[in-house]
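Enquirer: Sharing input05.cif, mmCIF, C-alpha atoms and all ligand atoms:
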data_input
loop_
_atom_site.label_atom_id
_atom_site.label_comp_id
_atom_site.auth_asym_id
_atom_site.auth_seq_id
_atom_site.Cartn_x
_atom_site.Cartn_y
_atom_site.Cartn_z
CA MET A 1 0.00 0.00 0.00
CA ILE A 2 1.26 3.45 -0.90
CA THR A 3 0.48 6.85 0.60
CA ILE A 4 1.84 9.64 -1.60
CA LEU A 5 3.10 12.88 -0.04
CA THR A 6 3.09 15.57 -2.69
CA GLY A 7 3.43 19.35 -2.84
CA PRO A 8 5.83 21.95 -4.20
CA PRO A 9 9.55 22.07 -3.31
CA GLY A 10 9.88 23.26 0.29
CA ALA A 11 6.31 22.33 1.27
CA GLY A 12 7.65 20.14 4.08
CA LYS A 13 7.27 16.70 2.51
CA GLY A 14 10.59 15.37 3.79
CA THR A 15 10.12 16.86 7.26
CA GLN A 16 6.61 15.45 7.65
CA ALA A 17 7.62 12.11 6.11
CA ASP A 18 10.25 11.66 8.84
CA LEU A 19 7.63 12.32 11.53
CA LEU A 20 5.21 9.85 9.92
CA VAL A 21 7.93 7.19 9.78
CA GLU A 22 8.78 7.74 13.45
CA ARG A 23 5.21 7.88 14.74
CA LYS A 24 3.20 5.73 12.33
CA GLY A 25 5.72 3.16 11.15
CA PHE A 26 5.65 4.01 7.46
CA ALA A 27 8.54 2.90 5.22
CA LYS A 28 9.68 6.12 3.52
CA LEU A 29 10.74 6.20 -0.11
CA SER A 30 12.02 9.62 -1.22
CA THR A 31 13.09 9.66 -4.87
CA GLY A 32 15.10 12.85 -4.20
CA ASP A 33 17.03 11.12 -1.38
CA ALA A 34 17.49 7.98 -3.51
CA LEU A 35 18.93 10.06 -6.38
CA ARG A 36 21.22 12.06 -4.05
CA SER A 37 22.53 8.80 -2.63
CA GLN A 38 23.25 7.54 -6.19
CA ILE A 39 25.19 10.77 -6.84
CA GLN A 40 27.14 10.40 -3.61
CA ASP A 41 28.03 6.80 -4.52
CA GLY A 42 29.13 7.85 -8.04
CA THR A 43 26.86 5.34 -9.81
CA ASP A 44 25.84 5.58 -13.48
CA ILE A 45 22.36 6.65 -12.44
CA GLY A 46 23.86 9.35 -10.20
CA LYS A 47 26.09 10.64 -13.02
CA LYS A 48 23.12 10.85 -15.38
CA ALA A 49 20.86 12.54 -12.79
CA GLU A 50 23.25 15.12 -11.35
CA SER A 51 23.05 17.87 -13.97
CA PHE A 52 19.24 17.74 -14.06
CA MET A 53 19.00 18.01 -10.29
CA SER A 54 21.52 20.79 -9.87
CA SER A 55 19.77 22.84 -12.57
CA GLY A 56 16.37 22.43 -10.91
CA GLN A 57 14.86 20.28 -13.69
CA LEU A 58 13.18 16.90 -13.36
CA VAL A 59 15.36 13.86 -13.97
CA PRO A 60 14.14 11.91 -17.06
CA ASP A 61 11.35 9.38 -16.40
CA LYS A 62 13.43 6.45 -17.67
CA ILE A 63 16.06 7.01 -14.97
CA LEU A 64 13.37 7.41 -12.32
CA LEU A 65 11.79 4.13 -13.36
CA GLU A 66 15.04 2.30 -12.54
CA VAL A 67 15.29 3.99 -9.15
CA LEU A 68 11.62 3.48 -8.30
CA GLY A 69 11.51 -0.19 -9.30
CA ALA A 70 14.51 -1.10 -7.14
CA GLU A 71 13.40 0.95 -4.13
CA LEU A 72 9.78 -0.29 -4.19
CA THR A 73 10.92 -3.90 -4.36
CA LYS A 74 13.00 -3.40 -1.19
CA ARG A 75 9.87 -2.21 0.62
CA LYS A 76 7.36 -4.76 -0.73
CA GLY A 77 4.80 -5.76 1.90
CA THR A 78 5.28 -2.57 3.96
CA ARG A 79 3.13 0.56 4.24
CA ILE A 80 5.06 2.84 1.90
CA LEU A 81 5.18 6.63 2.16
CA LEU A 82 6.20 7.91 -1.26
CA ASP A 83 7.82 11.38 -1.19
CA GLY A 84 8.62 13.06 -4.52
CA TYR A 85 7.02 10.58 -6.94
CA PRO A 86 5.00 10.88 -9.17
CA ARG A 87 5.99 14.31 -10.46
CA ASN A 88 4.26 14.30 -13.86
CA VAL A 89 1.40 12.48 -15.61
CA VAL A 90 3.75 9.90 -17.18
CA GLN A 91 4.92 8.91 -13.69
CA VAL A 92 1.29 8.58 -12.54
CA ALA A 93 0.76 6.08 -15.38
CA THR A 94 3.92 4.21 -14.35
CA LEU A 95 2.69 3.91 -10.79
CA ASP A 96 -0.74 2.79 -12.07
CA SER A 97 0.96 -0.02 -13.97
CA LEU A 98 2.41 -1.30 -10.68
CA ALA A 99 -0.91 -1.12 -8.81
CA SER A 100 -1.38 -4.87 -8.42
CA ASP A 101 1.67 -5.02 -6.13
CA PHE A 102 1.73 -1.40 -4.95
CA PRO A 103 -1.77 0.14 -4.83
CA VAL A 104 -2.03 3.86 -4.02
CA THR A 105 -4.58 4.37 -1.24
CA SER A 106 -4.23 8.11 -0.64
CA VAL A 107 -2.46 11.24 -1.81
CA VAL A 108 -1.69 14.05 0.62
CA ASP A 109 -1.09 17.39 -1.09
CA ILE A 110 0.74 19.86 1.21
CA GLN A 111 -0.11 23.43 0.20
CA VAL A 112 2.11 26.43 1.01
CA PRO A 113 2.20 29.92 -0.59
CA LYS A 114 5.10 30.62 -2.96
CA GLU A 115 6.81 33.37 -0.86
CA LEU A 116 7.05 31.02 2.12
CA LEU A 117 8.36 28.18 -0.08
CA VAL A 118 11.25 30.36 -1.30
CA GLU A 119 12.04 31.35 2.30
CA ARG A 120 12.02 27.70 3.42
CA LEU A 121 14.18 26.51 0.52
CA CYS A 122 16.79 29.27 0.71
CA GLY A 123 17.14 28.84 4.49
CA ARG A 124 17.38 25.05 4.45
CA ARG A 125 20.67 23.49 5.57
CA VAL A 126 21.37 19.75 5.48
CA CYS A 127 23.88 17.49 7.14
CA GLY A 128 25.84 15.58 4.51
CA SER A 129 26.72 12.94 7.07
CA CYS A 130 23.51 11.93 8.88
CA GLY A 131 21.02 13.56 6.47
CA ALA A 132 19.29 15.75 9.12
CA SER A 133 17.60 18.86 7.73
CA TYR A 134 17.55 22.30 9.37
CA HIS A 135 16.48 25.85 8.66
CA THR A 136 18.56 28.92 9.48
CA GLU A 137 15.57 30.57 11.16
CA PHE A 138 12.87 27.96 11.92
CA SER A 139 15.02 25.08 13.21
CA PRO A 140 18.67 26.20 13.21
CA PRO A 141 21.73 23.98 13.49
CA ARG A 142 24.31 24.81 16.20
CA PRO A 143 25.57 28.44 16.17
CA ASP A 144 28.91 27.26 14.69
CA GLY A 145 27.01 25.67 11.77
CA SER A 146 27.43 22.08 12.89
CA CYS A 147 24.75 19.40 13.05
CA PRO A 148 23.34 18.91 16.59
CA LYS A 149 22.91 15.19 15.89
CA CYS A 150 26.39 14.25 14.63
CA GLY A 151 28.62 17.36 14.74
CA THR A 152 29.30 17.53 10.96
CA MET A 153 29.09 21.01 9.37
CA VAL A 154 25.74 21.51 7.62
CA VAL A 155 25.62 22.73 4.00
CA GLN A 156 23.17 24.25 1.54
CA ARG A 157 21.81 21.95 -1.18
CA PRO A 158 23.07 23.09 -4.64
CA ASP A 159 19.47 23.44 -5.85
CA ASP A 160 18.40 25.65 -2.89
CA SER A 161 19.70 28.99 -4.23
CA GLU A 162 17.01 31.61 -4.92
CA GLU A 163 17.49 31.18 -8.68
CA LYS A 164 17.22 27.36 -8.62
CA ALA A 165 14.30 27.49 -6.19
CA GLY A 166 12.43 29.70 -8.70
CA ILE A 167 13.12 27.22 -11.52
CA ARG A 168 11.96 24.26 -9.38
CA LEU A 169 8.74 26.05 -8.44
CA ASP A 170 8.01 26.75 -12.13
CA VAL A 171 8.70 23.09 -12.98
CA TYR A 172 6.29 22.10 -10.20
CA ASP A 173 3.53 24.38 -11.60
CA ASN A 174 3.98 23.13 -15.16
CA GLU A 175 4.64 19.43 -14.64
CA THR A 176 3.62 18.26 -11.18
CA ARG A 177 0.55 20.31 -10.25
CA PRO A 178 -1.53 18.68 -13.06
CA ILE A 179 -1.28 15.28 -11.33
CA LEU A 180 -3.50 16.59 -8.52
CA GLU A 181 -6.48 16.73 -10.85
CA LEU A 182 -5.99 13.06 -11.77
CA TYR A 183 -6.00 11.99 -8.13
CA ASP A 184 -8.87 14.39 -7.32
CA GLN A 185 -10.94 12.64 -10.00
CA ARG A 186 -10.28 9.32 -8.22
CA GLY A 187 -11.42 10.81 -4.90
CA ILE A 188 -8.20 9.90 -3.04
CA CYS A 189 -6.48 13.30 -2.85
CA ARG A 190 -6.54 15.23 0.44
CA HIS A 191 -5.38 18.85 0.41
CA VAL A 192 -3.67 19.97 3.60
CA ASP A 193 -2.58 23.45 4.71
CA GLY A 194 1.22 23.29 5.12
CA CYS A 195 1.57 26.64 6.94
CA GLY A 196 2.25 26.88 10.66
CA ASP A 197 4.54 24.94 12.96
CA LEU A 198 5.61 21.35 12.29
CA GLU A 199 3.20 19.86 14.86
CA SER A 200 0.14 21.69 13.49
CA VAL A 201 0.93 20.52 9.96
CA TYR A 202 1.56 16.99 11.22
CA GLN A 203 -1.84 16.91 12.97
CA ARG A 204 -3.60 17.97 9.76
CA ILE A 205 -1.85 15.23 7.78
CA ASP A 206 -2.55 12.65 10.46
CA ASN A 207 -6.26 13.58 10.39
CA ALA A 208 -6.28 13.40 6.59
CA ILE A 209 -4.97 9.83 6.52
CA SER A 210 -6.61 8.56 9.71
CA GLY A 211 -9.28 6.56 7.87
CA ASP A 212 -6.82 4.70 5.63
P1 LIG A 301 13.43 16.39 -3.82
O1 LIG A 301 14.54 16.07 -2.94
O2 LIG A 301 12.22 15.53 -3.82
O3 LIG A 301 13.09 17.90 -3.59
P2 LIG A 301 11.69 18.71 -3.65
O4 LIG A 301 10.48 18.01 -4.08
O5 LIG A 301 12.06 19.88 -4.47
O6 LIG A 301 11.37 18.92 -2.21
P3 LIG A 301 12.30 19.49 -1.13
O7 LIG A 301 13.16 18.39 -0.56
O8 LIG A 301 13.03 20.69 -1.66
O9 LIG A 301 11.25 20.04 -0.09
P4 LIG A 301 10.32 19.31 0.95
O10 LIG A 301 8.91 19.48 0.56
O11 LIG A 301 10.79 17.91 1.24
O12 LIG A 301 10.60 20.25 2.19
P5 LIG A 301 11.43 19.99 3.53
O13 LIG A 301 10.64 19.11 4.43
O14 LIG A 301 12.84 19.63 3.25
O15 LIG A 301 13.93 16.42 -5.35
C1 LIG A 301 15.12 17.08 -5.71
C2 LIG A 301 15.35 16.91 -7.20
O16 LIG A 301 15.46 15.50 -7.50
C3 LIG A 301 14.24 17.39 -8.13
O17 LIG A 301 14.34 18.78 -8.39
C4 LIG A 301 14.50 16.54 -9.37
O18 LIG A 301 15.60 17.02 -10.11
C5 LIG A 301 14.89 15.20 -8.78
N1 LIG A 301 13.73 14.30 -8.59
C6 LIG A 301 13.27 13.79 -7.42
N2 LIG A 301 12.19 13.03 -7.64
C7 LIG A 301 11.97 13.06 -8.98
C8 LIG A 301 10.97 12.49 -9.81
N3 LIG A 301 9.98 11.74 -9.31
N4 LIG A 301 11.04 12.74 -11.14
C9 LIG A 301 12.04 13.48 -11.66
N5 LIG A 301 12.99 14.08 -10.93
C10 LIG A 301 12.95 13.86 -9.59
O19 LIG A 301 11.39 21.48 4.14
C11 LIG A 301 12.08 22.55 3.52
C12 LIG A 301 12.63 23.50 4.60
O20 LIG A 301 11.53 24.08 5.29
C13 LIG A 301 13.50 22.80 5.67
O21 LIG A 301 14.52 23.68 6.03
C14 LIG A 301 12.53 22.58 6.85
O22 LIG A 301 13.23 22.62 8.09
C15 LIG A 301 11.60 23.78 6.70
N6 LIG A 301 10.24 23.48 7.13
C16 LIG A 301 9.48 22.40 6.78
N7 LIG A 301 8.25 22.48 7.34
C17 LIG A 301 8.25 23.65 8.06
C18 LIG A 301 7.26 24.30 8.87
N8 LIG A 301 6.03 23.77 9.06
N9 LIG A 301 7.60 25.47 9.45
C19 LIG A 301 8.84 26.03 9.27
N10 LIG A 301 9.81 25.45 8.53
C20 LIG A 301 9.51 24.27 7.92
#
How does this structure look as structure tokens?
Ligand code: AP5

Expert:
Amino acid sequence: MITILTGPPGAGKGTQADLLVERKGFAKLSTGDALRSQIQDGTDIGKKAESFMSSGQLVPDKILLEVLGAELTKRKGTRILLDGYPRNVVQVATLDSLASDFPVTSVVDIQVPKELLVERLCGRRVCGSCGASYHTEFSPPRPDGSCPKCGTMVVQRPDDSEEKAGIRLDVYDNETRPILELYDQRGICRHVDGCGDLESVYQRIDNAISGD
């Protein structure tokens, strides 16, 4: 069974996914994390994906299919929380073709206004060692810039500059937003307000999926 977490870059998908894993026992599958790990490991997939990611564009569907297939198989039989896939109508069709093994039961769309998204993206800092995510204002790392969990210096993702954030938000509007209509037509899409503190947003998501 799959629950999809969708929404524009910076909406809080990764942050809320981690809370849902911790509190509800979901198995998280983030295609962004999976691709970054391929880049870090220097694999062929990582080499092909890197320029698309750093320029703020979507990675081609064919590459994503390889990543998705392998990662879903690892999680077969679990309650999967899918963060960052599907991101266009072709990817919706791909997921539909896997429905006998991996049916999608609900889609949670986290909605946040554009100005706040840019602020969240540009202020985000991540730990390259343990993967923890911070924000310079909303949830800062230590004053010396190190990660409170493991002590490594946190860094800014290459696609989190103001320019790249703008490109990613345009890509979202043009390519990803249309998938919401498809899931709305199936009656499985829940739209959740992503503004406010982490706990308030979490409670709204928890309520939205409570009947699943
Ligand atoms: P991906 O890693 O999936 O990035 P994204 O979708 O752009 O989403 P983000 O990780 O930027 O944001 P988020 O919603 O997870 O927000 P977060 O919780 O971190 O994808 C990266 C790239 O990979 C893509 O551009 C593409 O190239 C490629 N890719 C991935 N999947 C693909 C696919 N299916 N097809 C093709 N290409 C694909 O929060 C952001 C910040 O806000 C953090 O600092 C956080 O601390 C803060 N924050 C979160 N919630 C709150 C809150 N309530 N209050 C205050 N601050 C908050």

Enquirer: I'd like the contact shell of Cys130 in chain A - 12 Å cut-off, only C-alpha atoms, skipping same-chain residues fewer than 3 positions apart - returned as a list in words.

Expert: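 Counting only C-alpha atoms, the residues come to Ser37, Val126, Cys127, Ser133, Tyr134, Ser146, Cys147, Pro148, Lys149, Cys150, Gly151, Thr152, Met153 and Val154 of chain A.
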
Enquirer: Between CA of Asp193 in chain A and CA of Val112 in chain A, what is the distance, to one decimal in Å?

Expert: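 CA of Val112 in chain A lies at a distance of 6.7 Å from CA of Asp193 in chain A.
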
Enquirer: By how many Å are CA of Arg79 in chain A and atom O5 of ligand LIG 301 (chain A) apart?

Expert: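 According to the coordinates, CA of Arg79 in chain A and atom O5 of ligand LIG 301 (chain A) are separated by 23.0 Å.
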
Enquirer: Could you list, as a PDB file with C-alpha atoms, in the frame of the given file, all residues that come within 7 Å of ligand LIG 301 (chain A)? Count all atoms listed in the file.

Expert:
ATOM      1  CA  GLY A   7       3.430  19.350  -2.840  1.00  0.00           C
ATOM      2  CA  PRO A   8       5.830  21.950  -4.200  1.00  0.00           C
ATOM      3  CA  PRO A   9       9.550  22.070  -3.310  1.00  0.00           C
ATOM      4  CA  GLY A  10       9.880  23.260   0.290  1.00  0.00           C
ATOM      5  CA  ALA A  11       6.310  22.330   1.270  1.00  0.00           C
ATOM      6  CA  GLY A  12       7.650  20.140   4.080  1.00  0.00           C
ATOM      7  CA  LYS A  13       7.270  16.700   2.510  1.00  0.00           C
ATOM      8  CA  GLY A  14      10.590  15.370   3.790  1.00  0.00           C
ATOM      9  CA  THR A  15      10.120  16.860   7.260  1.00  0.00           C
ATOM     10  CA  GLN A  16       6.610  15.450   7.650  1.00  0.00           C
ATOM     11  CA  SER A  30      12.020   9.620  -1.220  1.00  0.00           C
ATOM     12  CA  THR A  31      13.090   9.660  -4.870  1.00  0.00           C
ATOM     13  CA  GLY A  32      15.100  12.850  -4.200  1.00  0.00           C
ATOM     14  CA  ASP A  33      17.030  11.120  -1.380  1.00  0.00           C
ATOM     15  CA  LEU A  35      18.930  10.060  -6.380  1.00  0.00           C
ATOM     16  CA  PHE A  52      19.240  17.740 -14.060  1.00  0.00           C
ATOM     17  CA  MET A  53      19.000  18.010 -10.290  1.00  0.00           C
ATOM     18  CA  GLY A  56      16.370  22.430 -10.910  1.00  0.00           C
ATOM     19  CA  GLN A  57      14.860  20.280 -13.690  1.00  0.00           C
ATOM     20  CA  LEU A  58      13.180  16.900 -13.360  1.00  0.00           C
ATOM     21  CA  VAL A  59      15.360  13.860 -13.970  1.00  0.00           C
ATOM     22  CA  PRO A  60      14.140  11.910 -17.060  1.00  0.00           C
ATOM     23  CA  ASP A  61      11.350   9.380 -16.400  1.00  0.00           C
ATOM     24  CA  LEU A  64      13.370   7.410 -12.320  1.00  0.00           C
ATOM     25  CA  ASP A  83       7.820  11.380  -1.190  1.00  0.00           C
ATOM     26  CA  GLY A  84       8.620  13.060  -4.520  1.00  0.00           C
ATOM     27  CA  TYR A  85       7.020  10.580  -6.940  1.00  0.00           C
ATOM     28  CA  PRO A  86       5.000  10.880  -9.170  1.00  0.00           C
ATOM     29  CA  ARG A  87       5.990  14.310 -10.460  1.00  0.00           C
ATOM     30  CA  ARG A 120      12.020  27.700   3.420  1.00  0.00           C
ATOM     31  CA  LEU A 121      14.180  26.510   0.520  1.00  0.00           C
ATOM     32  CA  GLY A 123      17.140  28.840   4.490  1.00  0.00           C
ATOM     33  CA  ARG A 124      17.380  25.050   4.450  1.00  0.00           C
ATOM     34  CA  ARG A 125      20.670  23.490   5.570  1.00  0.00           C
ATOM     35  CA  SER A 133      17.600  18.860   7.730  1.00  0.00           C
ATOM     36  CA  TYR A 134      17.550  22.300   9.370  1.00  0.00           C
ATOM     37  CA  HIS A 135      16.480  25.850   8.660  1.00  0.00           C
ATOM     38  CA  PHE A 138      12.870  27.960  11.920  1.00  0.00           C
ATOM     39  CA  SER A 139      15.020  25.080  13.210  1.00  0.00           C
ATOM     40  CA  ARG A 168      11.960  24.260  -9.380  1.00  0.00           C
ATOM     41  CA  GLY A 194       1.220  23.290   5.120  1.00  0.00           C
ATOM     42  CA  CYS A 195       1.570  26.640   6.940  1.00  0.00           C
ATOM     43  CA  GLY A 196       2.250  26.880  10.660  1.00  0.00           C
ATOM     44  CA  ASP A 197       4.540  24.940  12.960  1.00  0.00           C
ATOM     45  CA  LEU A 198       5.610  21.350  12.290  1.00  0.00           C
ATOM     46  CA  VAL A 201       0.930  20.520   9.960  1.00  0.00           C
TER      47      VAL A 201
END

Enquirer: Restricting the calculation to only C-alpha atoms, which member of A:Asp206, A:Arg157, A:Asp144, A:Ile110 is positioned closest to Gly128 in chain A?

Expert: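 Using only C-alpha atoms, Gly128 in chain A sits closest to A:Arg157.
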
Enquirer: How many Å lie between CA of Arg204 in chain A and CA of Val108 in chain A, rounded to one decimal?

Expert: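 CA of Val108 in chain A lies 10.1 Å from CA of Arg204 in chain A.
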
Enquirer: Using only C-alpha atoms, which of the listed residues (A:Val107, A:Leu72, A:Thr78, A:Glu22) sits closest to Ile179 in chain A?

Expert: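 Distance minimum relative to Ile179 in chain A lands on A:Val107.
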
Enquirer: Under the rule that only C-alpha atoms are counted, which of A:Thr43, A:Arg186, A:Ser54, A:Val67 is the nearest residue to Ile167 in chain A?

Expert: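 The closest residue to Ile167 in chain A is A:Ser54.
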
Enquirer: Could you put an axis-aligned box around every listed atom of range 44-63 of chain A, padded by 5 Å on each side, and send me its centre and edge lengths in Å to one decimal, as AutoDock Vina command-line options?

Expert:
--center_x 18.7 --center_y 14.2 --center_z -13.8 --size_x 24.7 --size_y 27.3 --size_z 17.8

Enquirer: Using only C-alpha atoms, pick whichever of A:Leu98, A:Leu81, A:Cys122, A:Ile2 has the shortest atom-to-atom distance to Leu65 in chain A.

Expert: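 Ranked by minimum distance to Leu65 in chain A, first place goes to A:Leu98.
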